$ cat target.txt   # compact mmCIF, C-alpha atoms and all ligand atoms
# COMPACT_ATOMS: atom_id res chain seq x y z
CA MET A 1 -0.96 -26.03 -2.96
CA SER A 2 -2.65 -25.01 -6.18
CA GLU A 3 -6.29 -24.05 -6.40
CA THR A 4 -8.79 -22.16 -8.52
CA VAL A 5 -10.74 -19.77 -6.31
CA ARG A 6 -13.76 -17.55 -6.86
CA ILE A 7 -13.31 -13.80 -6.64
CA ILE A 8 -15.76 -12.41 -4.07
CA GLY A 9 -14.66 -8.78 -3.88
CA LYS A 10 -12.90 -6.17 -6.01
CA MET A 11 -11.98 -2.74 -4.61
CA LYS A 12 -10.32 0.19 -6.35
CA GLU A 13 -7.48 1.45 -4.13
CA SER A 14 -6.14 4.14 -6.46
CA ARG A 15 -6.06 5.10 -10.15
CA ASP A 16 -3.98 2.02 -11.02
CA THR A 17 -4.34 -0.37 -8.05
CA TYR A 18 -7.07 -2.89 -7.22
CA THR A 19 -7.62 -5.40 -4.42
CA LEU A 20 -9.17 -8.78 -5.26
CA GLU A 21 -10.67 -10.86 -2.42
CA PHE A 22 -11.32 -14.61 -2.46
CA LYS A 23 -12.26 -17.39 -0.04
CA TRP A 24 -9.33 -19.78 0.31
CA ASP A 25 -8.59 -22.10 3.23
CA ALA A 26 -4.84 -22.47 2.58
CA PRO A 27 -2.77 -21.75 5.72
CA ALA A 28 -0.83 -18.50 5.33
CA VAL A 29 1.22 -16.17 7.53
CA PRO A 30 1.80 -12.42 7.15
CA GLY A 31 4.47 -11.69 4.53
CA GLN A 32 3.84 -14.74 2.33
CA PHE A 33 2.97 -14.47 -1.36
CA VAL A 34 1.09 -16.46 -4.01
CA MET A 35 1.75 -17.12 -7.70
CA VAL A 36 -1.22 -15.71 -9.63
CA TRP A 37 -2.00 -17.05 -13.08
CA ALA A 38 -3.10 -14.55 -15.69
CA PRO A 39 -4.32 -16.95 -18.44
CA GLY A 40 -2.49 -16.59 -21.76
CA VAL A 41 -0.14 -13.97 -20.30
CA ASP A 42 2.04 -15.02 -17.37
CA GLU A 43 2.09 -16.20 -13.77
CA VAL A 44 3.33 -13.54 -11.31
CA PRO A 45 4.07 -13.40 -7.57
CA MET A 46 1.72 -11.24 -5.46
CA SER A 47 1.89 -10.68 -1.70
CA LEU A 48 -1.16 -11.62 0.30
CA SER A 49 -2.61 -8.32 1.51
CA ARG A 50 -5.04 -10.25 3.70
CA VAL A 51 -4.67 -13.70 5.33
CA GLY A 52 -7.27 -15.86 7.06
CA LYS A 53 -10.24 -17.61 5.44
CA ILE A 54 -10.80 -14.63 3.18
CA LYS A 55 -7.54 -13.68 1.47
CA ALA A 56 -6.67 -10.83 -0.83
CA ILE A 57 -4.06 -9.55 -3.26
CA THR A 58 -3.52 -5.87 -4.06
CA VAL A 59 -2.21 -5.33 -7.57
CA LYS A 60 -0.70 -2.25 -9.21
CA GLY A 61 -1.22 -2.29 -12.98
CA ILE A 62 2.21 -1.76 -14.54
CA GLY A 63 2.47 -4.39 -17.28
CA GLU A 64 0.75 -7.21 -19.10
CA ALA A 65 0.18 -9.65 -16.23
CA SER A 66 -0.86 -7.10 -13.61
CA ASN A 67 -3.25 -5.40 -16.05
CA ALA A 68 -4.72 -8.80 -16.99
CA ILE A 69 -5.35 -9.44 -13.26
CA HIS A 70 -7.08 -6.04 -13.11
CA GLY A 71 -9.46 -7.35 -15.76
CA MET A 72 -10.69 -10.13 -13.43
CA GLN A 73 -14.17 -9.57 -12.00
CA VAL A 74 -16.24 -10.58 -8.96
CA GLY A 75 -17.83 -13.99 -9.66
CA GLY A 76 -14.92 -14.99 -11.88
CA TYR A 77 -12.14 -17.41 -10.96
CA VAL A 78 -8.40 -17.08 -10.45
CA ARG A 79 -5.78 -19.85 -10.28
CA LEU A 80 -3.33 -19.53 -7.38
CA ARG A 81 -0.24 -21.46 -6.23
CA GLY A 82 1.21 -21.15 -2.75
CA PRO A 83 1.28 -19.54 -0.28
CA TYR A 84 5.06 -19.40 -0.61
CA GLY A 85 7.96 -17.84 1.29
CA ASN A 86 8.83 -17.37 4.92
CA GLY A 87 6.82 -14.35 6.14
CA PHE A 88 7.66 -12.01 9.01
CA ASP A 89 8.87 -13.33 12.37
CA ILE A 90 7.44 -10.94 14.97
CA LYS A 91 7.59 -11.84 18.66
CA LYS A 92 4.60 -10.85 20.81
CA GLY A 93 4.86 -7.54 22.66
CA LYS A 94 7.54 -6.03 20.39
CA LYS A 95 7.26 -2.35 19.44
CA VAL A 96 7.06 -2.48 15.66
CA LEU A 97 7.16 0.21 12.97
CA ALA A 98 5.92 -0.81 9.49
CA VAL A 99 7.33 1.20 6.57
CA ALA A 100 5.73 0.79 3.14
CA GLY A 101 6.59 2.28 -0.22
CA GLY A 102 3.73 2.34 -2.75
CA VAL A 103 2.06 -1.02 -3.35
CA GLY A 104 4.62 -2.54 -0.93
CA ALA A 105 1.91 -1.74 1.64
CA ALA A 106 0.15 -4.93 0.47
CA ALA A 107 2.83 -7.24 1.93
CA LEU A 108 2.72 -5.45 5.30
CA MET A 109 -1.07 -5.31 5.86
CA PRO A 110 -1.50 -8.76 7.49
CA ALA A 111 1.39 -8.04 9.92
CA ILE A 112 -0.05 -4.58 10.68
CA LYS A 113 -3.41 -6.22 11.40
CA GLU A 114 -1.86 -8.83 13.74
CA THR A 115 0.41 -6.48 15.67
CA GLY A 116 -1.48 -3.13 15.60
CA CYS A 117 1.91 -1.52 15.03
CA ASP A 118 2.69 2.06 13.96
CA THR A 119 2.67 2.47 10.19
CA ILE A 120 4.26 4.74 7.60
CA ILE A 121 2.98 4.59 4.02
CA GLY A 122 4.94 6.58 1.46
CA ALA A 123 4.51 7.27 -2.25
CA ARG A 124 5.53 9.78 -4.89
CA SER A 125 2.20 11.64 -4.58
CA GLY A 126 -1.03 11.48 -2.56
CA GLY A 127 -2.95 9.68 -5.32
CA GLU A 128 -0.53 6.73 -5.11
CA ILE A 129 -1.03 6.03 -1.40
CA VAL A 130 -2.87 2.70 -1.01
CA LEU A 131 -4.36 0.69 1.88
CA ASP A 132 -4.04 3.54 4.40
CA ASP A 133 -7.75 2.99 5.22
CA VAL A 134 -7.00 -0.64 6.18
CA ALA A 135 -3.92 0.39 8.19
CA ARG A 136 -6.00 2.98 10.07
CA LYS A 137 -8.35 0.23 11.30
CA TYR A 138 -5.53 -1.65 13.03
CA SER A 139 -2.52 0.64 13.59
CA LYS A 140 -1.94 2.80 16.65
CA ASN A 141 -0.63 5.55 14.36
CA VAL A 142 -0.60 5.90 10.57
CA TRP A 143 1.68 8.49 9.00
CA ILE A 144 1.74 9.34 5.31
CA SER A 145 4.70 10.68 3.33
CA THR A 146 4.77 11.94 -0.24
CA ASP A 147 7.80 12.96 -2.30
CA ASP A 148 5.88 15.93 -3.77
CA GLY A 149 4.32 16.99 -0.45
CA SER A 150 0.75 16.61 -1.75
CA ARG A 151 -0.21 14.58 1.35
CA GLY A 152 1.26 14.18 4.81
CA PHE A 153 5.01 14.56 5.44
CA HIS A 154 6.88 16.23 2.55
CA GLY A 155 9.70 13.77 1.87
CA ASN A 156 10.23 10.05 1.51
CA ALA A 157 9.18 7.22 3.81
CA VAL A 158 12.76 6.60 5.03
CA GLN A 159 13.22 10.23 6.11
CA LEU A 160 9.95 9.99 8.04
CA ALA A 161 10.93 6.60 9.55
CA LYS A 162 14.22 8.14 10.79
CA GLU A 163 12.23 10.90 12.48
CA LYS A 164 9.85 8.41 14.14
CA MET A 165 12.75 6.17 15.27
CA SER A 166 14.32 9.19 16.99
CA GLN A 167 11.07 9.90 18.87
CA LYS A 168 10.26 6.33 20.01
CA ASP A 169 12.27 3.20 20.85
CA TYR A 170 11.12 0.59 18.35
CA ASP A 171 12.29 -3.04 18.65
CA LEU A 172 11.72 -3.87 15.00
CA VAL A 173 11.07 -2.21 11.64
CA ILE A 174 9.30 -4.20 8.94
CA GLY A 175 9.32 -2.90 5.39
CA CYS A 176 8.36 -3.47 1.78
CA GLY A 177 8.69 -1.24 -1.27
CA PRO A 178 11.15 -0.31 -4.02
CA GLU A 179 14.57 -1.83 -3.30
CA VAL A 180 16.39 1.52 -3.26
CA MET A 181 14.01 2.62 -0.49
CA LEU A 182 14.63 -0.63 1.41
CA TYR A 183 18.40 -0.24 1.04
CA TYR A 184 18.25 3.17 2.74
CA LEU A 185 15.74 1.92 5.31
CA HIS A 186 18.15 -0.88 6.28
CA LYS A 187 20.96 1.69 6.56
CA ALA A 188 18.77 3.97 8.74
CA CYS A 189 17.85 1.06 11.03
CA LYS A 190 21.53 0.19 11.46
CA GLU A 191 22.33 3.80 12.38
CA LYS A 192 19.52 3.79 14.96
CA GLY A 193 20.38 0.28 16.24
CA VAL A 194 16.93 -1.12 15.39
CA ASP A 195 16.48 -4.61 13.87
CA CYS A 196 14.63 -4.83 10.58
CA GLN A 197 12.90 -7.43 8.44
CA LEU A 198 12.43 -6.36 4.83
CA SER A 199 10.41 -8.05 2.09
CA LEU A 200 12.30 -8.14 -1.23
CA GLU A 201 11.23 -8.72 -4.83
CA ARG A 202 13.06 -10.62 -7.55
CA PHE A 203 11.93 -11.98 -10.91
CA MET A 204 10.30 -15.38 -10.16
CA LYS A 205 9.24 -18.33 -12.27
CA CYS A 206 8.52 -21.31 -10.02
CA GLY A 207 8.07 -19.40 -6.74
CA ALA A 208 8.91 -22.62 -4.93
CA GLY A 209 12.71 -22.80 -4.74
CA VAL A 210 13.30 -24.96 -7.84
CA CYS A 211 14.37 -22.87 -10.87
CA GLY A 212 16.95 -20.58 -9.24
CA CYS A 213 15.96 -17.45 -11.19
CA CYS A 214 15.28 -15.40 -8.03
CA MET A 215 18.78 -15.91 -6.54
CA MET A 216 20.41 -13.14 -4.49
CA ASP A 217 23.93 -14.30 -3.67
CA ASP A 218 23.28 -17.83 -2.31
CA LYS A 219 19.65 -17.17 -1.27
CA ARG A 220 16.46 -17.95 -3.18
CA VAL A 221 14.15 -15.01 -2.55
CA CYS A 222 11.05 -17.16 -3.08
CA ARG A 223 12.11 -19.82 -0.57
CA ASP A 224 14.61 -18.27 1.87
CA GLY A 225 12.69 -14.94 1.68
CA PRO A 226 10.98 -12.83 0.57
CA VAL A 227 11.51 -11.49 4.11
CA PHE A 228 15.15 -11.07 5.18
CA SER A 229 16.49 -9.98 8.56
CA SER A 230 19.06 -7.20 9.19
CA GLU A 231 21.86 -9.76 9.54
CA GLU A 232 20.93 -11.56 6.32
CA LEU A 233 20.69 -8.25 4.44
CA ASP A 234 24.19 -7.33 5.70
CA ARG A 235 25.54 -10.46 3.99
CA LEU A 236 23.66 -10.06 0.65
CA SER A 237 25.95 -8.20 -1.75
CA ASP A 238 23.13 -8.09 -4.35
CA PHE A 239 20.84 -6.19 -1.95
CA GLY A 240 20.29 -2.67 -3.29
CA THR A 241 22.86 -3.13 -6.05
CA ARG A 242 21.80 -5.65 -8.73
CA LYS A 243 19.09 -8.08 -9.81
CA ARG A 244 18.41 -10.46 -12.70
CA ASP A 245 15.85 -9.63 -15.39
CA GLU A 246 13.49 -12.18 -17.00
CA CYS A 247 16.34 -13.33 -19.32
CA GLY A 248 18.73 -13.86 -16.41
CA ARG A 249 20.81 -10.77 -17.29
CA ILE A 250 22.25 -8.81 -14.37
CA VAL A 251 20.76 -5.30 -14.08
CA GLU A 252 22.08 -2.54 -11.81
CA ILE A 253 19.51 -1.24 -9.28
CA ARG A 254 21.20 2.00 -8.15
C1 LIG A 301 7.45 -11.72 -3.65
C2 LIG A 301 6.80 -10.71 -4.56
C3 LIG A 301 5.62 -10.09 -4.15
C4 LIG A 301 5.00 -9.14 -4.97
N1 LIG A 301 3.86 -8.56 -4.52
C5 LIG A 301 3.22 -7.67 -5.30
C6 LIG A 301 2.02 -7.06 -4.84
O1 LIG A 301 1.54 -7.31 -3.74
N2 LIG A 301 1.41 -6.18 -5.68
C7 LIG A 301 1.93 -5.84 -6.93
O2 LIG A 301 1.30 -5.04 -7.64
N3 LIG A 301 3.06 -6.41 -7.36
C8 LIG A 301 3.71 -7.31 -6.60
N4 LIG A 301 4.87 -7.90 -7.07
C9 LIG A 301 5.35 -7.57 -8.44
C10 LIG A 301 4.62 -8.46 -9.48
O3 LIG A 301 4.93 -9.81 -9.29
C11 LIG A 301 5.00 -8.13 -10.92
O4 LIG A 301 6.38 -8.03 -11.07
C12 LIG A 301 4.40 -6.84 -11.40
O5 LIG A 301 3.00 -6.91 -11.26
C13 LIG A 301 4.75 -6.59 -12.88
O6 LIG A 301 4.29 -7.65 -13.67
P1 LIG A 301 3.73 -7.37 -15.14
O7 LIG A 301 3.88 -8.63 -15.94
O8 LIG A 301 2.40 -6.75 -15.08
O9 LIG A 301 4.70 -6.27 -15.73
P2 LIG A 301 6.02 -6.50 -16.54
O10 LIG A 301 5.66 -6.72 -17.99
O11 LIG A 301 6.90 -7.49 -15.87
O12 LIG A 301 6.68 -5.07 -16.37
C14 LIG A 301 6.17 -3.90 -17.00
C15 LIG A 301 7.16 -2.80 -16.81
O13 LIG A 301 7.28 -2.48 -15.41
C16 LIG A 301 8.61 -2.70 -14.93
N5 LIG A 301 8.48 -3.34 -13.62
C17 LIG A 301 8.30 -4.66 -13.36
N6 LIG A 301 8.21 -4.89 -12.04
C18 LIG A 301 8.35 -3.65 -11.46
C19 LIG A 301 8.34 -3.21 -10.13
N7 LIG A 301 8.19 -4.06 -9.08
N8 LIG A 301 8.49 -1.87 -9.91
C20 LIG A 301 8.64 -1.01 -10.92
N9 LIG A 301 8.66 -1.37 -12.20
C21 LIG A 301 8.53 -2.67 -12.47
C22 LIG A 301 9.25 -3.62 -15.95
O14 LIG A 301 10.67 -3.41 -15.99
C23 LIG A 301 8.58 -3.19 -17.26
O15 LIG A 301 9.20 -2.05 -17.79
C24 LIG A 301 5.55 -8.82 -6.25
C25 LIG A 301 6.73 -9.44 -6.66
C26 LIG A 301 7.36 -10.36 -5.83
C27 LIG A 301 8.63 -11.01 -6.28
S1 LIG A 302 11.45 -18.48 -8.45
FE1 LIG A 302 12.28 -20.43 -8.85
S2 LIG A 302 13.75 -20.65 -7.25
FE2 LIG A 302 12.74 -18.78 -6.77

$ encode --input "target.txt" --output "structure tokens" --more "lines below"
Ligand SMILES: Cc1cc2nc3c(=O)[nH]c(=O)nc-3n(C[C@H](O)[C@H](O)[C@H](O)COP(=O)(O)OP(=O)(O)OC[C@H]3O[C@@H](n4cnc5c(N)ncnc54)[C@H](O)[C@@H]3O)c2cc1C
Ligand code: FES
Amino acid sequence: MSETVRIIGKMKESRDTYTLEFKWDAPAVPGQFVMVWAPGVDEVPMSLSRVGKIKAITVKGIGEASNAIHGMQVGGYVRLRGPYGNGFDIKKGKKVLAVAGGVGAAALMPAIKETGCDTIIGARSGGEIVLDDVARKYSKNVWISTDDGSRGFHGNAVQLAKEKMSQKDYDLVIGCGPEVMLYYLHKACKEKGVDCQLSLERFMKCGAGVCGCCMMDDKRVCRDGPVFSSEELDRLSDFGTRKRDECGRIVEIR
């Protein structure tokens, strides 16, 4: 599905992160993403940070396309394709812990809203924590971690998740953030015997399973993911080790 939609809301989440809201009827489930067109610049994948009739994306300005999206204003229009990908598969009644790193919180918000699960949001410093206000509306507990100790737990989100998993028996951990963080989160879940579903990022062109540029081993992240289960992650040798850049070159992650 491809549609041009009107922007009805724009909120500043932090120094470099904005949420854009739009009315869009397309069916979507938590964990799915859309391809967002920044005219004259690029088309980039963005997780839906809100699903339902009013949808949203939450964008961290790090390069040309994301900064061009930041330039979009309420009353203006944005061209979207999707929603794409599989989303999270969360059975009713499961005890879930959501673990977000930085703007990875965007991908988890719809699942947090649907399940009311416990949430950890981590970042390098307090000023980079986003969407904790939204999480607080729906989560039973919201815990913050910062690498520099400027807010909440002094340490990273995985260290805090390990602590919380020792205190409570969770059935499932869902996560999104930098891949190194997700690699160690997957490892921590295995040690604790808790299943996980993690949302991964790869460079994407079509977003719809056609071009093959988002391959991880034999999986297309845009089509078979972006959410992968513990068992799938165990089989992906590229997970936490390497990815392809925009030219198709293999780049080491760790
Ligand atoms: C499924 C999926 C969902 C995504 N969801 C979101 C989302 O909800 N919000 C969001 O802000 N972004 C999200 N992204 C990332 C987004 O698509 C772009 O990669 C990002 O905005 C950078 O695009 P750009 O053109 O602005 O920067 P680029 O010009 O591509 O990059 C600028 C610089 O930043 C570096 N860079 C690129 N991507 C990253 C990264 N992820 N982390 C750190 N450095 C990076 C580049 O190497 C380069 O040096 C998602 C990506 C995928 C695959
Ligand atoms: S982006 Fe084209 S196959 Fe995934």

$ residues_around --input "target.txt" --residues "range 226-238 of chain A" --least-positions-apart "4" --cutoff "6 Å" --atoms "only C-alpha atoms" --output "list in words"
Gly85, Gly87, Asp195, Cys196, Gln197, Leu198, Ser199, Leu200, Met216, Val221, Cys222 and Arg242 of chain A

$ residues_near_ligand --input "target.txt" --ligand "ligand LIG 301 (chain A)" --cutoff "9 Å" --atoms "all atoms listed in the file" --output "PDB file with C-alpha atoms, keeping the file's coordinate frame"
ATOM      1  CA  THR A  17      -4.340  -0.370  -8.050  1.00  0.00           C
ATOM      2  CA  TYR A  18      -7.070  -2.890  -7.220  1.00  0.00           C
ATOM      3  CA  GLY A  31       4.470 -11.690   4.530  1.00  0.00           C
ATOM      4  CA  GLN A  32       3.840 -14.740   2.330  1.00  0.00           C
ATOM      5  CA  PHE A  33       2.970 -14.470  -1.360  1.00  0.00           C
ATOM      6  CA  VAL A  34       1.090 -16.460  -4.010  1.00  0.00           C
ATOM      7  CA  MET A  35       1.750 -17.120  -7.700  1.00  0.00           C
ATOM      8  CA  VAL A  36      -1.220 -15.710  -9.630  1.00  0.00           C
ATOM      9  CA  VAL A  41      -0.140 -13.970 -20.300  1.00  0.00           C
ATOM     10  CA  ASP A  42       2.040 -15.020 -17.370  1.00  0.00           C
ATOM     11  CA  GLU A  43       2.090 -16.200 -13.770  1.00  0.00           C
ATOM     12  CA  VAL A  44       3.330 -13.540 -11.310  1.00  0.00           C
ATOM     13  CA  PRO A  45       4.070 -13.400  -7.570  1.00  0.00           C
ATOM     14  CA  MET A  46       1.720 -11.240  -5.460  1.00  0.00           C
ATOM     15  CA  SER A  47       1.890 -10.680  -1.700  1.00  0.00           C
ATOM     16  CA  LEU A  48      -1.160 -11.620   0.300  1.00  0.00           C
ATOM     17  CA  SER A  49      -2.610  -8.320   1.510  1.00  0.00           C
ATOM     18  CA  ILE A  57      -4.060  -9.550  -3.260  1.00  0.00           C
ATOM     19  CA  THR A  58      -3.520  -5.870  -4.060  1.00  0.00           C
ATOM     20  CA  VAL A  59      -2.210  -5.330  -7.570  1.00  0.00           C
ATOM     21  CA  LYS A  60      -0.700  -2.250  -9.210  1.00  0.00           C
ATOM     22  CA  GLY A  61      -1.220  -2.290 -12.980  1.00  0.00           C
ATOM     23  CA  ILE A  62       2.210  -1.760 -14.540  1.00  0.00           C
ATOM     24  CA  GLY A  63       2.470  -4.390 -17.280  1.00  0.00           C
ATOM     25  CA  GLU A  64       0.750  -7.210 -19.100  1.00  0.00           C
ATOM     26  CA  ALA A  65       0.180  -9.650 -16.230  1.00  0.00           C
ATOM     27  CA  SER A  66      -0.860  -7.100 -13.610  1.00  0.00           C
ATOM     28  CA  ASN A  67      -3.250  -5.400 -16.050  1.00  0.00           C
ATOM     29  CA  ALA A  68      -4.720  -8.800 -16.990  1.00  0.00           C
ATOM     30  CA  ILE A  69      -5.350  -9.440 -13.260  1.00  0.00           C
ATOM     31  CA  TYR A  84       5.060 -19.400  -0.610  1.00  0.00           C
ATOM     32  CA  GLY A  85       7.960 -17.840   1.290  1.00  0.00           C
ATOM     33  CA  VAL A 103       2.060  -1.020  -3.350  1.00  0.00           C
ATOM     34  CA  GLY A 104       4.620  -2.540  -0.930  1.00  0.00           C
ATOM     35  CA  ALA A 105       1.910  -1.740   1.640  1.00  0.00           C
ATOM     36  CA  ALA A 106       0.150  -4.930   0.470  1.00  0.00           C
ATOM     37  CA  ALA A 107       2.830  -7.240   1.930  1.00  0.00           C
ATOM     38  CA  GLY A 177       8.690  -1.240  -1.270  1.00  0.00           C
ATOM     39  CA  PRO A 178      11.150  -0.310  -4.020  1.00  0.00           C
ATOM     40  CA  GLU A 179      14.570  -1.830  -3.300  1.00  0.00           C
ATOM     41  CA  SER A 199      10.410  -8.050   2.090  1.00  0.00           C
ATOM     42  CA  LEU A 200      12.300  -8.140  -1.230  1.00  0.00           C
ATOM     43  CA  GLU A 201      11.230  -8.720  -4.830  1.00  0.00           C
ATOM     44  CA  ARG A 202      13.060 -10.620  -7.550  1.00  0.00           C
ATOM     45  CA  PHE A 203      11.930 -11.980 -10.910  1.00  0.00           C
ATOM     46  CA  MET A 204      10.300 -15.380 -10.160  1.00  0.00           C
ATOM     47  CA  GLY A 207       8.070 -19.400  -6.740  1.00  0.00           C
ATOM     48  CA  CYS A 214      15.280 -15.400  -8.030  1.00  0.00           C
ATOM     49  CA  VAL A 221      14.150 -15.010  -2.550  1.00  0.00           C
ATOM     50  CA  CYS A 222      11.050 -17.160  -3.080  1.00  0.00           C
ATOM     51  CA  GLY A 225      12.690 -14.940   1.680  1.00  0.00           C
ATOM     52  CA  PRO A 226      10.980 -12.830   0.570  1.00  0.00           C
ATOM     53  CA  VAL A 227      11.510 -11.490   4.110  1.00  0.00           C
ATOM     54  CA  ASP A 245      15.850  -9.630 -15.390  1.00  0.00           C
ATOM     55  CA  GLU A 246      13.490 -12.180 -17.000  1.00  0.00           C
TER      56      GLU A 246
END

$ residues_near_point --input "target.txt" --point "(-2.5, -18.2, 3.2)" --cutoff "8 Å" --atoms "only C-alpha atoms" --output "compact mmCIF listing (two decimals) with C-alpha atoms, in the frame of the given file"
# COMPACT_ATOMS: atom_id res chain seq x y z
CA TRP A 24 -9.33 -19.78 0.31
CA ASP A 25 -8.59 -22.10 3.23
CA ALA A 26 -4.84 -22.47 2.58
CA PRO A 27 -2.77 -21.75 5.72
CA ALA A 28 -0.83 -18.50 5.33
CA VAL A 29 1.22 -16.17 7.53
CA GLN A 32 3.84 -14.74 2.33
CA LEU A 48 -1.16 -11.62 0.30
CA VAL A 51 -4.67 -13.70 5.33
CA GLY A 52 -7.27 -15.86 7.06
CA LYS A 55 -7.54 -13.68 1.47
CA GLY A 82 1.21 -21.15 -2.75
CA PRO A 83 1.28 -19.54 -0.28

$ axis_aligned_box --input "target.txt" --around "range 235-250 of chain A" --padding-each-side "8 Å" --output "AutoDock Vina command-line options"
--center_x 19.7 --center_y -8.3 --center_z -7.7 --size_x 28.5 --size_y 27.2 --size_z 39.3

$ residues_around --input "target.txt" --residues "range 131-145 of chain A" --least-positions-apart "4" --cutoff "8 Å" --atoms "only C-alpha atoms" --output "PyMOL selection string"
chain A and resi 13+105-106+109+112-113+115-123+149+151-157+160

$ atom_distance --input "target.txt" --atom1 "CA of Ala208 in chain A" --atom2 "CA of Pro39 in chain A"
19.7 Å

$ residues_around --input "target.txt" --residues "range 163-170 of chain A" --least-positions-apart "5" --cutoff "8 Å" --atoms "all atoms listed in the file" --output "PDB file with C-alpha atoms, keeping the file's coordinate frame"
ATOM      1  CA  LYS A  94       7.540  -6.030  20.390  1.00  0.00           C
ATOM      2  CA  LYS A  95       7.260  -2.350  19.440  1.00  0.00           C
ATOM      3  CA  VAL A  96       7.060  -2.480  15.660  1.00  0.00           C
ATOM      4  CA  LEU A  97       7.160   0.210  12.970  1.00  0.00           C
ATOM      5  CA  LYS A 192      19.520   3.790  14.960  1.00  0.00           C
ATOM      6  CA  VAL A 194      16.930  -1.120  15.390  1.00  0.00           C
TER       7      VAL A 194
END

$ build_atoms --input "target.txt" --residues "range 156-168 of chain A" --atoms "N, CA and C atoms" --output "PDB file, in the coordinates of the input"
ATOM      1  N   ASN A 156      10.481  11.484   1.754  1.00  0.00           N
ATOM      2  CA  ASN A 156      10.230  10.050   1.510  1.00  0.00           C
ATOM      3  C   ASN A 156      10.010   9.274   2.819  1.00  0.00           C
ATOM      4  N   ALA A 157       9.568   8.039   2.655  1.00  0.00           N
ATOM      5  CA  ALA A 157       9.180   7.220   3.810  1.00  0.00           C
ATOM      6  C   ALA A 157      10.365   6.941   4.744  1.00  0.00           C
ATOM      7  N   VAL A 158      11.578   6.881   4.186  1.00  0.00           N
ATOM      8  CA  VAL A 158      12.760   6.600   5.030  1.00  0.00           C
ATOM      9  C   VAL A 158      13.086   7.811   5.897  1.00  0.00           C
ATOM     10  N   GLN A 159      12.981   8.997   5.314  1.00  0.00           N
ATOM     11  CA  GLN A 159      13.220  10.230   6.110  1.00  0.00           C
ATOM     12  C   GLN A 159      12.232  10.283   7.287  1.00  0.00           C
ATOM     13  N   LEU A 160      10.971   9.958   6.992  1.00  0.00           N
ATOM     14  CA  LEU A 160       9.950   9.990   8.040  1.00  0.00           C
ATOM     15  C   LEU A 160      10.210   8.889   9.096  1.00  0.00           C
ATOM     16  N   ALA A 161      10.643   7.714   8.624  1.00  0.00           N
ATOM     17  CA  ALA A 161      10.930   6.600   9.550  1.00  0.00           C
ATOM     18  C   ALA A 161      12.072   6.991  10.497  1.00  0.00           C
ATOM     19  N   LYS A 162      13.081   7.685   9.954  1.00  0.00           N
ATOM     20  CA  LYS A 162      14.220   8.140  10.790  1.00  0.00           C
ATOM     21  C   LYS A 162      13.704   9.054  11.900  1.00  0.00           C
ATOM     22  N   GLU A 163      12.805   9.956  11.507  1.00  0.00           N
ATOM     23  CA  GLU A 163      12.230  10.900  12.480  1.00  0.00           C
ATOM     24  C   GLU A 163      11.485  10.136  13.578  1.00  0.00           C
ATOM     25  N   LYS A 164      10.654   9.173  13.173  1.00  0.00           N
ATOM     26  CA  LYS A 164       9.850   8.410  14.140  1.00  0.00           C
ATOM     27  C   LYS A 164      10.738   7.552  15.041  1.00  0.00           C
ATOM     28  N   MET A 165      11.829   6.997  14.466  1.00  0.00           N
ATOM     29  CA  MET A 165      12.750   6.170  15.270  1.00  0.00           C
ATOM     30  C   MET A 165      13.495   7.012  16.297  1.00  0.00           C
ATOM     31  N   SER A 166      13.658   8.306  16.016  1.00  0.00           N
ATOM     32  CA  SER A 166      14.320   9.190  16.990  1.00  0.00           C
ATOM     33  C   SER A 166      13.380   9.536  18.134  1.00  0.00           C
ATOM     34  N   GLN A 167      12.059   9.488  17.860  1.00  0.00           N
ATOM     35  CA  GLN A 167      11.070   9.900  18.870  1.00  0.00           C
ATOM     36  C   GLN A 167      10.618   8.734  19.753  1.00  0.00           C
ATOM     37  N   LYS A 168      10.770   7.486  19.267  1.00  0.00           N
ATOM     38  CA  LYS A 168      10.260   6.330  20.010  1.00  0.00           C
ATOM     39  C   LYS A 168      11.224   5.151  19.860  1.00  0.00           C
TER      40      LYS A 168
END
